[in-house]
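S.K.: What follows is coords00.pdb, made up of PDB, C-alpha atoms and all ligand atoms:
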```
ATOM      1  CA  MET C  13      35.990 -49.425  -6.107  1.00  0.00           C
ATOM      2  CA  LYS C  14      33.146 -50.997  -4.126  1.00  0.00           C
ATOM      3  CA  THR C  15      33.999 -54.332  -2.512  1.00  0.00           C
ATOM      4  CA  GLU C  16      31.537 -57.229  -2.716  1.00  0.00           C
ATOM      5  CA  ILE C  17      31.894 -59.474   0.315  1.00  0.00           C
ATOM      6  CA  LYS C  18      29.350 -61.219   2.498  1.00  0.00           C
ATOM      7  CA  LEU C  19      28.635 -59.168   5.605  1.00  0.00           C
ATOM      8  CA  ILE C  20      29.465 -62.090   7.892  1.00  0.00           C
ATOM      9  CA  ASP C  21      32.834 -62.600   6.163  1.00  0.00           C
ATOM     10  CA  TYR C  22      33.565 -58.879   6.384  1.00  0.00           C
ATOM     11  CA  LEU C  23      32.742 -58.725  10.087  1.00  0.00           C
ATOM     12  CA  SER C  24      34.861 -61.846  10.739  1.00  0.00           C
ATOM     13  CA  THR C  25      37.937 -60.364   9.083  1.00  0.00           C
ATOM     14  CA  ARG C  26      37.625 -56.556   9.418  1.00  0.00           C
ATOM     15  CA  ARG C  27      40.877 -54.836  10.370  1.00  0.00           C
ATOM     16  CA  SER C  28      42.156 -51.298  10.490  1.00  0.00           C
ATOM     17  CA  ILE C  29      45.274 -50.335   8.550  1.00  0.00           C
ATOM     18  CA  PRO C  30      47.437 -47.786  10.446  1.00  0.00           C
ATOM     19  CA  ALA C  31      47.236 -44.315   8.899  1.00  0.00           C
ATOM     20  CA  PHE C  32      51.008 -44.227   8.301  1.00  0.00           C
ATOM     21  CA  GLN C  33      50.637 -47.339   6.138  1.00  0.00           C
ATOM     22  CA  MET C  34      48.216 -45.661   3.740  1.00  0.00           C
ATOM     23  CA  SER C  35      48.901 -43.898   0.480  1.00  0.00           C
ATOM     24  CA  GLU C  36      47.108 -42.272  -2.451  1.00  0.00           C
ATOM     25  CA  PRO C  37      44.650 -42.628  -4.004  1.00  0.00           C
ATOM     26  CA  GLY C  38      42.037 -41.584  -1.526  1.00  0.00           C
ATOM     27  CA  PRO C  39      38.304 -41.442  -2.148  1.00  0.00           C
ATOM     28  CA  SER C  40      36.885 -38.819  -4.517  1.00  0.00           C
ATOM     29  CA  LYS C  41      34.407 -36.229  -3.261  1.00  0.00           C
ATOM     30  CA  GLY C  42      31.559 -38.336  -4.681  1.00  0.00           C
ATOM     31  CA  GLU C  43      32.820 -41.457  -2.913  1.00  0.00           C
ATOM     32  CA  LEU C  44      33.199 -39.488   0.304  1.00  0.00           C
ATOM     33  CA  GLU C  45      29.649 -38.217   0.051  1.00  0.00           C
ATOM     34  CA  ALA C  46      28.458 -41.813  -0.388  1.00  0.00           C
ATOM     35  CA  MET C  47      30.535 -42.929   2.628  1.00  0.00           C
ATOM     36  CA  LEU C  48      29.316 -40.085   4.835  1.00  0.00           C
ATOM     37  CA  THR C  49      25.719 -40.879   3.888  1.00  0.00           C
ATOM     38  CA  LEU C  50      26.276 -44.492   5.008  1.00  0.00           C
ATOM     39  CA  ALA C  51      28.153 -43.371   8.125  1.00  0.00           C
ATOM     40  CA  SER C  52      25.322 -41.143   9.288  1.00  0.00           C
ATOM     41  CA  ARG C  53      22.871 -44.055   9.110  1.00  0.00           C
ATOM     42  CA  VAL C  54      23.276 -44.997  12.768  1.00  0.00           C
ATOM     43  CA  PRO C  55      21.043 -45.550  15.767  1.00  0.00           C
ATOM     44  CA  ASP C  56      20.295 -42.074  17.101  1.00  0.00           C
ATOM     45  CA  HIS C  57      17.838 -41.847  20.011  1.00  0.00           C
ATOM     46  CA  GLY C  58      15.562 -38.879  19.455  1.00  0.00           C
ATOM     47  CA  LYS C  59      16.864 -38.344  15.896  1.00  0.00           C
ATOM     48  CA  LEU C  60      19.026 -35.472  17.136  1.00  0.00           C
ATOM     49  CA  ALA C  61      21.968 -36.076  14.774  1.00  0.00           C
ATOM     50  CA  PRO C  62      24.271 -35.064  17.653  1.00  0.00           C
ATOM     51  CA  TRP C  63      27.344 -35.283  15.429  1.00  0.00           C
ATOM     52  CA  ARG C  64      28.773 -33.783  12.263  1.00  0.00           C
ATOM     53  CA  PHE C  65      31.725 -34.292   9.924  1.00  0.00           C
ATOM     54  CA  ILE C  66      34.741 -32.181   8.967  1.00  0.00           C
ATOM     55  CA  VAL C  67      36.554 -33.516   5.886  1.00  0.00           C
ATOM     56  CA  TYR C  68      40.248 -32.663   5.483  1.00  0.00           C
ATOM     57  CA  ARG C  69      41.675 -33.106   1.977  1.00  0.00           C
ATOM     58  CA  GLY C  70      44.550 -31.899  -0.180  1.00  0.00           C
ATOM     59  CA  ALA C  71      47.157 -29.321   0.858  1.00  0.00           C
ATOM     60  CA  GLU C  72      45.079 -28.085   3.812  1.00  0.00           C
ATOM     61  CA  ARG C  73      46.055 -31.312   5.594  1.00  0.00           C
ATOM     62  CA  TRP C  74      49.691 -30.128   5.600  1.00  0.00           C
ATOM     63  CA  ARG C  75      48.873 -26.612   6.737  1.00  0.00           C
ATOM     64  CA  ILE C  76      46.751 -27.905   9.607  1.00  0.00           C
ATOM     65  CA  SER C  77      49.328 -30.540  10.577  1.00  0.00           C
ATOM     66  CA  GLU C  78      52.048 -27.883  10.743  1.00  0.00           C
ATOM     67  CA  ALA C  79      49.848 -25.653  12.906  1.00  0.00           C
ATOM     68  CA  LEU C  80      49.210 -28.600  15.237  1.00  0.00           C
ATOM     69  CA  ALA C  81      52.937 -29.303  15.332  1.00  0.00           C
ATOM     70  CA  ARG C  82      53.576 -25.744  16.529  1.00  0.00           C
ATOM     71  CA  ILE C  83      51.391 -26.426  19.587  1.00  0.00           C
ATOM     72  CA  ALA C  84      53.198 -29.708  20.245  1.00  0.00           C
ATOM     73  CA  MET C  85      56.586 -27.974  19.984  1.00  0.00           C
ATOM     74  CA  GLU C  86      55.496 -25.135  22.254  1.00  0.00           C
ATOM     75  CA  ASP C  87      54.761 -27.746  24.916  1.00  0.00           C
ATOM     76  CA  LYS C  88      57.884 -29.819  24.216  1.00  0.00           C
ATOM     77  CA  PRO C  89      60.555 -27.635  22.590  1.00  0.00           C
ATOM     78  CA  ASP C  90      63.070 -30.504  22.737  1.00  0.00           C
ATOM     79  CA  LEU C  91      61.096 -32.916  20.563  1.00  0.00           C
ATOM     80  CA  SER C  92      63.299 -35.336  18.618  1.00  0.00           C
ATOM     81  CA  VAL C  93      63.624 -34.878  14.845  1.00  0.00           C
ATOM     82  CA  GLU C  94      61.586 -38.061  14.454  1.00  0.00           C
ATOM     83  CA  MET C  95      58.759 -36.731  16.637  1.00  0.00           C
ATOM     84  CA  VAL C  96      58.766 -33.347  14.869  1.00  0.00           C
ATOM     85  CA  LYS C  97      58.147 -35.254  11.647  1.00  0.00           C
ATOM     86  CA  VAL C  98      55.311 -37.177  13.305  1.00  0.00           C
ATOM     87  CA  GLU C  99      53.749 -33.938  14.558  1.00  0.00           C
ATOM     88  CA  ASN C 100      54.141 -32.255  11.159  1.00  0.00           C
ATOM     89  CA  THR C 101      52.215 -35.018   9.399  1.00  0.00           C
ATOM     90  CA  ARG C 102      49.323 -35.791  11.742  1.00  0.00           C
ATOM     91  CA  LEU C 103      46.655 -35.134   9.107  1.00  0.00           C
ATOM     92  CA  SER C 104      48.718 -35.904   6.014  1.00  0.00           C
ATOM     93  CA  ARG C 105      49.506 -39.579   6.490  1.00  0.00           C
ATOM     94  CA  ALA C 106      46.308 -40.656   4.751  1.00  0.00           C
ATOM     95  CA  PRO C 107      44.860 -38.964   1.644  1.00  0.00           C
ATOM     96  CA  VAL C 108      41.666 -38.057   3.508  1.00  0.00           C
ATOM     97  CA  VAL C 109      40.878 -37.530   7.183  1.00  0.00           C
ATOM     98  CA  VAL C 110      37.341 -37.086   8.478  1.00  0.00           C
ATOM     99  CA  ALA C 111      36.693 -35.708  11.948  1.00  0.00           C
ATOM    100  CA  VAL C 112      33.549 -37.110  13.514  1.00  0.00           C
ATOM    101  CA  VAL C 113      32.509 -34.301  15.833  1.00  0.00           C
ATOM    102  CA  SER C 114      30.180 -34.928  18.759  1.00  0.00           C
ATOM    103  CA  ARG C 115      27.605 -32.210  19.407  1.00  0.00           C
ATOM    104  CA  ALA C 116      26.196 -34.017  22.440  1.00  0.00           C
ATOM    105  CA  ALA C 117      24.517 -31.617  24.864  1.00  0.00           C
ATOM    106  CA  PRO C 118      22.089 -31.753  27.758  1.00  0.00           C
ATOM    107  CA  HIS C 119      18.588 -32.615  26.522  1.00  0.00           C
ATOM    108  CA  PHE C 120      15.280 -32.912  28.382  1.00  0.00           C
ATOM    109  CA  LYS C 121      14.770 -36.530  27.251  1.00  0.00           C
ATOM    110  CA  ILE C 122      17.849 -38.017  25.599  1.00  0.00           C
ATOM    111  CA  PRO C 123      20.819 -38.591  27.938  1.00  0.00           C
ATOM    112  CA  GLU C 124      24.033 -36.965  26.782  1.00  0.00           C
ATOM    113  CA  TRP C 125      25.796 -40.334  27.149  1.00  0.00           C
ATOM    114  CA  GLU C 126      23.525 -41.818  24.472  1.00  0.00           C
ATOM    115  CA  GLN C 127      24.331 -38.938  22.143  1.00  0.00           C
ATOM    116  CA  VAL C 128      28.054 -39.531  22.683  1.00  0.00           C
ATOM    117  CA  MET C 129      27.653 -43.244  21.949  1.00  0.00           C
ATOM    118  CA  SER C 130      25.814 -42.420  18.733  1.00  0.00           C
ATOM    119  CA  ALA C 131      28.903 -40.465  17.607  1.00  0.00           C
ATOM    120  CA  GLY C 132      30.985 -43.596  18.318  1.00  0.00           C
ATOM    121  CA  ALA C 133      28.588 -45.567  16.134  1.00  0.00           C
ATOM    122  CA  VAL C 134      29.122 -43.020  13.358  1.00  0.00           C
ATOM    123  CA  CYS C 135      32.888 -43.527  13.636  1.00  0.00           C
ATOM    124  CA  LEU C 136      32.695 -47.297  13.239  1.00  0.00           C
ATOM    125  CA  ASN C 137      30.124 -46.943  10.477  1.00  0.00           C
ATOM    126  CA  LEU C 138      32.488 -44.636   8.602  1.00  0.00           C
ATOM    127  CA  VAL C 139      35.387 -47.068   9.104  1.00  0.00           C
ATOM    128  CA  MET C 140      33.199 -49.774   7.562  1.00  0.00           C
ATOM    129  CA  ALA C 141      31.737 -47.571   4.821  1.00  0.00           C
ATOM    130  CA  ALA C 142      35.284 -46.725   3.697  1.00  0.00           C
ATOM    131  CA  ASN C 143      36.084 -50.457   3.576  1.00  0.00           C
ATOM    132  CA  ALA C 144      32.885 -51.088   1.584  1.00  0.00           C
ATOM    133  CA  HIS C 145      34.170 -48.588  -0.979  1.00  0.00           C
ATOM    134  CA  GLY C 146      37.478 -50.454  -1.201  1.00  0.00           C
ATOM    135  CA  PHE C 147      39.573 -48.166   1.038  1.00  0.00           C
ATOM    136  CA  ALA C 148      41.528 -48.785   4.213  1.00  0.00           C
ATOM    137  CA  SER C 149      40.504 -46.860   7.304  1.00  0.00           C
ATOM    138  CA  ASN C 150      41.770 -46.111  10.788  1.00  0.00           C
ATOM    139  CA  TRP C 151      39.937 -44.508  13.715  1.00  0.00           C
ATOM    140  CA  LEU C 152      42.421 -42.400  15.679  1.00  0.00           C
ATOM    141  CA  THR C 153      42.100 -39.682  18.256  1.00  0.00           C
ATOM    142  CA  GLU C 154      45.662 -38.680  19.323  1.00  0.00           C
ATOM    143  CA  TRP C 155      46.403 -35.648  21.491  1.00  0.00           C
ATOM    144  CA  TYR C 156      44.828 -33.001  19.264  1.00  0.00           C
ATOM    145  CA  ALA C 157      41.391 -34.626  19.674  1.00  0.00           C
ATOM    146  CA  PHE C 158      41.491 -33.612  23.337  1.00  0.00           C
ATOM    147  CA  ASP C 159      43.457 -30.346  23.273  1.00  0.00           C
ATOM    148  CA  GLU C 160      41.098 -27.406  22.843  1.00  0.00           C
ATOM    149  CA  ARG C 161      43.949 -25.229  21.549  1.00  0.00           C
ATOM    150  CA  ALA C 162      43.790 -27.421  18.434  1.00  0.00           C
ATOM    151  CA  TYR C 163      40.051 -26.898  17.909  1.00  0.00           C
ATOM    152  CA  PRO C 164      40.113 -23.557  16.057  1.00  0.00           C
ATOM    153  CA  ILE C 165      42.794 -24.989  13.747  1.00  0.00           C
ATOM    154  CA  LEU C 166      40.672 -28.075  13.114  1.00  0.00           C
ATOM    155  CA  GLY C 167      37.381 -26.199  12.745  1.00  0.00           C
ATOM    156  CA  VAL C 168      35.837 -27.717  15.880  1.00  0.00           C
ATOM    157  CA  ALA C 169      33.428 -25.255  17.509  1.00  0.00           C
ATOM    158  CA  GLU C 170      33.043 -24.402  21.191  1.00  0.00           C
ATOM    159  CA  GLY C 171      31.037 -27.051  23.045  1.00  0.00           C
ATOM    160  CA  GLU C 172      31.896 -29.741  20.498  1.00  0.00           C
ATOM    161  CA  LYS C 173      34.197 -32.733  21.034  1.00  0.00           C
ATOM    162  CA  VAL C 174      36.065 -34.973  18.638  1.00  0.00           C
ATOM    163  CA  ALA C 175      34.829 -38.586  18.625  1.00  0.00           C
ATOM    164  CA  GLY C 176      37.519 -39.593  16.179  1.00  0.00           C
ATOM    165  CA  PHE C 177      39.592 -38.777  13.157  1.00  0.00           C
ATOM    166  CA  ILE C 178      38.880 -41.414  10.518  1.00  0.00           C
ATOM    167  CA  HIS C 179      41.878 -41.740   8.207  1.00  0.00           C
ATOM    168  CA  ILE C 180      41.008 -43.127   4.784  1.00  0.00           C
ATOM    169  CA  GLY C 181      43.266 -44.232   1.936  1.00  0.00           C
ATOM    170  CA  THR C 182      44.804 -47.064  -0.026  1.00  0.00           C
ATOM    171  CA  PRO C 183      46.586 -49.703   2.065  1.00  0.00           C
ATOM    172  CA  THR C 184      50.308 -50.213   1.415  1.00  0.00           C
ATOM    173  CA  VAL C 185      50.386 -53.417   3.488  1.00  0.00           C
ATOM    174  CA  PRO C 186      47.951 -56.307   3.804  1.00  0.00           C
ATOM    175  CA  PRO C 187      45.982 -56.531   7.047  1.00  0.00           C
ATOM    176  CA  THR C 188      47.189 -59.036   9.622  1.00  0.00           C
ATOM    177  CA  GLU C 189      45.155 -60.587  12.399  1.00  0.00           C
ATOM    178  CA  ARG C 190      45.480 -59.311  15.957  1.00  0.00           C
ATOM    179  CA  PRO C 191      44.451 -60.995  19.219  1.00  0.00           C
ATOM    180  CA  ARG C 192      40.814 -60.608  20.188  1.00  0.00           C
ATOM    181  CA  PRO C 193      39.339 -61.018  23.666  1.00  0.00           C
ATOM    182  CA  GLU C 194      38.221 -64.499  24.698  1.00  0.00           C
ATOM    183  CA  LEU C 195      34.429 -64.620  24.846  1.00  0.00           C
ATOM    184  CA  ALA C 196      34.612 -66.316  28.241  1.00  0.00           C
ATOM    185  CA  GLU C 197      36.341 -63.210  29.602  1.00  0.00           C
ATOM    186  CA  ILE C 198      33.797 -60.701  28.327  1.00  0.00           C
ATOM    187  CA  VAL C 199      30.437 -62.502  28.320  1.00  0.00           C
ATOM    188  CA  THR C 200      28.102 -63.065  31.240  1.00  0.00           C
ATOM    189  CA  TRP C 201      25.310 -65.471  30.363  1.00  0.00           C
ATOM    190  CA  VAL C 202      22.055 -65.060  32.250  1.00  0.00           C
ATOM    191  CA  GLY C 203      19.215 -67.600  32.003  1.00  0.00           C
ATOM    192  CA  ASP C 204      18.943 -70.807  29.942  1.00  0.00           C
ATOM    193  CA  ASP C 205      22.159 -72.713  29.308  1.00  0.00           C
ATOM    194  CA  THR C 206      21.189 -74.256  25.959  1.00  0.00           C
TER     195      THR C 206
HETATM  196  C1  LIG C 301      37.945 -43.933  20.220  1.00  0.00           C
HETATM  197  C2  LIG C 301      39.164 -44.601  19.672  1.00  0.00           C
HETATM  198  C3  LIG C 301      40.336 -43.896  19.564  1.00  0.00           C
HETATM  199  C4  LIG C 301      41.503 -44.492  19.095  1.00  0.00           C
HETATM  200  N1  LIG C 301      42.628 -43.754  19.024  1.00  0.00           N
HETATM  201  C5  LIG C 301      43.761 -44.337  18.643  1.00  0.00           C
HETATM  202  C6  LIG C 301      44.968 -43.572  18.619  1.00  0.00           C
HETATM  203  O1  LIG C 301      44.967 -42.381  18.925  1.00  0.00           O
HETATM  204  N2  LIG C 301      46.101 -44.224  18.258  1.00  0.00           N
HETATM  205  C7  LIG C 301      46.104 -45.571  17.914  1.00  0.00           C
HETATM  206  O2  LIG C 301      47.157 -46.105  17.600  1.00  0.00           O
HETATM  207  N3  LIG C 301      44.966 -46.293  17.884  1.00  0.00           N
HETATM  208  C8  LIG C 301      43.796 -45.722  18.248  1.00  0.00           C
HETATM  209  N4  LIG C 301      42.648 -46.455  18.247  1.00  0.00           N
HETATM  210  C9  LIG C 301      42.683 -47.881  17.797  1.00  0.00           C
HETATM  211  C10 LIG C 301      42.581 -48.012  16.276  1.00  0.00           C
HETATM  212  O3  LIG C 301      41.436 -47.364  15.834  1.00  0.00           O
HETATM  213  C11 LIG C 301      42.439 -49.444  15.696  1.00  0.00           C
HETATM  214  O4  LIG C 301      41.107 -49.779  15.747  1.00  0.00           O
HETATM  215  C12 LIG C 301      43.151 -50.540  16.362  1.00  0.00           C
HETATM  216  O5  LIG C 301      44.431 -50.231  16.564  1.00  0.00           O
HETATM  217  C13 LIG C 301      43.101 -51.817  15.478  1.00  0.00           C
HETATM  218  O6  LIG C 301      41.949 -52.486  15.674  1.00  0.00           O
HETATM  219  P1  LIG C 301      41.040 -53.053  14.465  1.00  0.00           P
HETATM  220  O7  LIG C 301      41.938 -53.604  13.396  1.00  0.00           O
HETATM  221  O8  LIG C 301      40.209 -54.091  15.106  1.00  0.00           O
HETATM  222  O9  LIG C 301      40.197 -51.906  13.960  1.00  0.00           O
HETATM  223  C14 LIG C 301      41.473 -45.862  18.696  1.00  0.00           C
HETATM  224  C15 LIG C 301      40.282 -46.574  18.775  1.00  0.00           C
HETATM  225  C16 LIG C 301      39.137 -45.961  19.257  1.00  0.00           C
HETATM  226  C17 LIG C 301      37.866 -46.769  19.352  1.00  0.00           C
END
```
The structure given in the file should be rewritten as structure tokens.
M.R.:
Amino acid sequence: MKTEIKLIDYLSTRRSIPAFQMSEPGPSKGELEAMLTLASRVPDHGKLAPWRFIVYRGAERWRISEALARIAMEDKPDLSVEMVKVENTRLSRAPVVVAVVSRAAPHFKIPEWEQVMSAGAVCLNLVMAANAHGFASNWLTEWYAFDERAYPILGVAEGEKVAGFIHIGTPTVPPTERPRPELAEIVTWVGDDT
């Protein structure tokens, strides 16, 4: 269900809901297509679209999570029962997970750094597009975003990187506020002091 809220009110209150605090229902394929269309509407120097999406839904999320868990357990055979459960459910906490994949590469004009930042913009746009459609969202990376052994399991091709896994679902808890940086600590004013 689309949420009607003034943009300024949304931006003043936006919060993520942790993936493990999400449940069904997730967005339908049609809603996901609408969200991905919004998400891809980002600043993109050179119009390269240096990013793409992989959408994980249904039972595949369990199969992939279990394959990821096997890598984790290879590395740490003495994982606690609790952590084995965490590893076995990486992609099945939320009803839908979308990988935002960066395809940034050297280019004669557009710095690779700008292409990477555009993928970050896609991630936040998708977080917000999910909220606009009435769903909770959470931008996570976790170890399997950086471990290339996980890439064939996830469908990430050689040369690509994961900008984020956007978990999308129905919140089971209300959002609470969290501390934000003081402006004085992060802003440098230059010029007129009016
Ligand atoms: C690139 C990126 C990766 C992140 N990866 C994780 C993660 O792996 N685990 C985690 O708990 N939070 C991670 N976060 C933070 C969450 O996305 C979330 O935004 C934050 O905890 C709550 O902030 P918010 O309510 O303002 O969105 C990541 C954030 C970014 C930008």
S.K.: In the coordinate frame of the file, compute which residues have an atom within 10 Å of (47.3, -35.0, 21.4) when using only C-alpha atoms, and state them as JSON, numbers by chain.
M.R.: {"C": [80, 83, 84, 99, 102, 153, 154, 155, 156, 157, 158, 159, 160, 162]}
S.K.: Using all atoms listed in the file, which residue out of C:Arg69, C:Arg26, C:Lys173, C:Lys88 lies closest to ligand LIG 301 (chain C)?
M.R.: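 For ligand LIG 301 (chain C), the nearest of the candidates is C:Arg26.
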S.K.: Kindly resolve the PyMOL selection byres (((chain C and resi 76) around 12) and not hetatm) on the present coordinates and return the residues as a PyMOL selection string.
M.R.: chain C and resi 68-75+77-83+99-104+109+156+162-167
S.K.: For the residues selected in the previous step, produce a file with C-alpha atoms as an mmCIF file, keeping the file's coordinate frame.
M.R.:
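Just written: again_11.cif:
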```cif
data_model
loop_
_atom_site.group_PDB
_atom_site.id
_atom_site.type_symbol
_atom_site.label_atom_id
_atom_site.label_comp_id
_atom_site.auth_asym_id
_atom_site.auth_seq_id
_atom_site.Cartn_x
_atom_site.Cartn_y
_atom_site.Cartn_z
ATOM 1 C CA TYR C 68 40.248 -32.663 5.483
ATOM 2 C CA ARG C 69 41.675 -33.106 1.977
ATOM 3 C CA GLY C 70 44.550 -31.899 -0.180
ATOM 4 C CA ALA C 71 47.157 -29.321 0.858
ATOM 5 C CA GLU C 72 45.079 -28.085 3.812
ATOM 6 C CA ARG C 73 46.055 -31.312 5.594
ATOM 7 C CA TRP C 74 49.691 -30.128 5.600
ATOM 8 C CA ARG C 75 48.873 -26.612 6.737
ATOM 9 C CA SER C 77 49.328 -30.540 10.577
ATOM 10 C CA GLU C 78 52.048 -27.883 10.743
ATOM 11 C CA ALA C 79 49.848 -25.653 12.906
ATOM 12 C CA LEU C 80 49.210 -28.600 15.237
ATOM 13 C CA ALA C 81 52.937 -29.303 15.332
ATOM 14 C CA ARG C 82 53.576 -25.744 16.529
ATOM 15 C CA ILE C 83 51.391 -26.426 19.587
ATOM 16 C CA GLU C 99 53.749 -33.938 14.558
ATOM 17 C CA ASN C 100 54.141 -32.255 11.159
ATOM 18 C CA THR C 101 52.215 -35.018 9.399
ATOM 19 C CA ARG C 102 49.323 -35.791 11.742
ATOM 20 C CA LEU C 103 46.655 -35.134 9.107
ATOM 21 C CA SER C 104 48.718 -35.904 6.014
ATOM 22 C CA VAL C 109 40.878 -37.530 7.183
ATOM 23 C CA TYR C 156 44.828 -33.001 19.264
ATOM 24 C CA ALA C 162 43.790 -27.421 18.434
ATOM 25 C CA TYR C 163 40.051 -26.898 17.909
ATOM 26 C CA PRO C 164 40.113 -23.557 16.057
ATOM 27 C CA ILE C 165 42.794 -24.989 13.747
ATOM 28 C CA LEU C 166 40.672 -28.075 13.114
ATOM 29 C CA GLY C 167 37.381 -26.199 12.745
#
```
S.K.: Running the PyMOL selection byres (((not hetatm)) within 10 of (chain C and resi 301)) on this model by hand, what would come out? Give it as a PDB file with C-alpha atoms, keeping the file's coordinate frame.
M.R.:
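result.pdb was written with the following content:
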```pdb
ATOM      1  CA  THR C  25      37.937 -60.364   9.083  1.00  0.00           C
ATOM      2  CA  ARG C  26      37.625 -56.556   9.418  1.00  0.00           C
ATOM      3  CA  ARG C  27      40.877 -54.836  10.370  1.00  0.00           C
ATOM      4  CA  SER C  28      42.156 -51.298  10.490  1.00  0.00           C
ATOM      5  CA  ILE C  29      45.274 -50.335   8.550  1.00  0.00           C
ATOM      6  CA  PRO C  30      47.437 -47.786  10.446  1.00  0.00           C
ATOM      7  CA  ALA C  31      47.236 -44.315   8.899  1.00  0.00           C
ATOM      8  CA  GLY C 132      30.985 -43.596  18.318  1.00  0.00           C
ATOM      9  CA  ALA C 133      28.588 -45.567  16.134  1.00  0.00           C
ATOM     10  CA  CYS C 135      32.888 -43.527  13.636  1.00  0.00           C
ATOM     11  CA  LEU C 136      32.695 -47.297  13.239  1.00  0.00           C
ATOM     12  CA  VAL C 139      35.387 -47.068   9.104  1.00  0.00           C
ATOM     13  CA  MET C 140      33.199 -49.774   7.562  1.00  0.00           C
ATOM     14  CA  SER C 149      40.504 -46.860   7.304  1.00  0.00           C
ATOM     15  CA  ASN C 150      41.770 -46.111  10.788  1.00  0.00           C
ATOM     16  CA  TRP C 151      39.937 -44.508  13.715  1.00  0.00           C
ATOM     17  CA  LEU C 152      42.421 -42.400  15.679  1.00  0.00           C
ATOM     18  CA  THR C 153      42.100 -39.682  18.256  1.00  0.00           C
ATOM     19  CA  GLU C 154      45.662 -38.680  19.323  1.00  0.00           C
ATOM     20  CA  TRP C 155      46.403 -35.648  21.491  1.00  0.00           C
ATOM     21  CA  TYR C 156      44.828 -33.001  19.264  1.00  0.00           C
ATOM     22  CA  ALA C 157      41.391 -34.626  19.674  1.00  0.00           C
ATOM     23  CA  VAL C 174      36.065 -34.973  18.638  1.00  0.00           C
ATOM     24  CA  ALA C 175      34.829 -38.586  18.625  1.00  0.00           C
ATOM     25  CA  GLY C 176      37.519 -39.593  16.179  1.00  0.00           C
ATOM     26  CA  PHE C 177      39.592 -38.777  13.157  1.00  0.00           C
ATOM     27  CA  ILE C 178      38.880 -41.414  10.518  1.00  0.00           C
ATOM     28  CA  HIS C 179      41.878 -41.740   8.207  1.00  0.00           C
ATOM     29  CA  PRO C 187      45.982 -56.531   7.047  1.00  0.00           C
ATOM     30  CA  THR C 188      47.189 -59.036   9.622  1.00  0.00           C
ATOM     31  CA  GLU C 189      45.155 -60.587  12.399  1.00  0.00           C
ATOM     32  CA  ARG C 190      45.480 -59.311  15.957  1.00  0.00           C
ATOM     33  CA  PRO C 191      44.451 -60.995  19.219  1.00  0.00           C
ATOM     34  CA  ARG C 192      40.814 -60.608  20.188  1.00  0.00           C
TER      35      ARG C 192
END
```
S.K.: Separation of atom CA of C:Val54 and atom CA of C:Gln127, in Å?
M.R.: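 The value is 11.2 Å.
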S.K.: For C:Lys97, which residue among C:Phe65, C:Phe120, C:Phe147, C:Phe32 is the nearest when counting all atoms listed in the file?
M.R.: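 The shortest atom-to-atom distance to C:Lys97 comes from C:Phe32.
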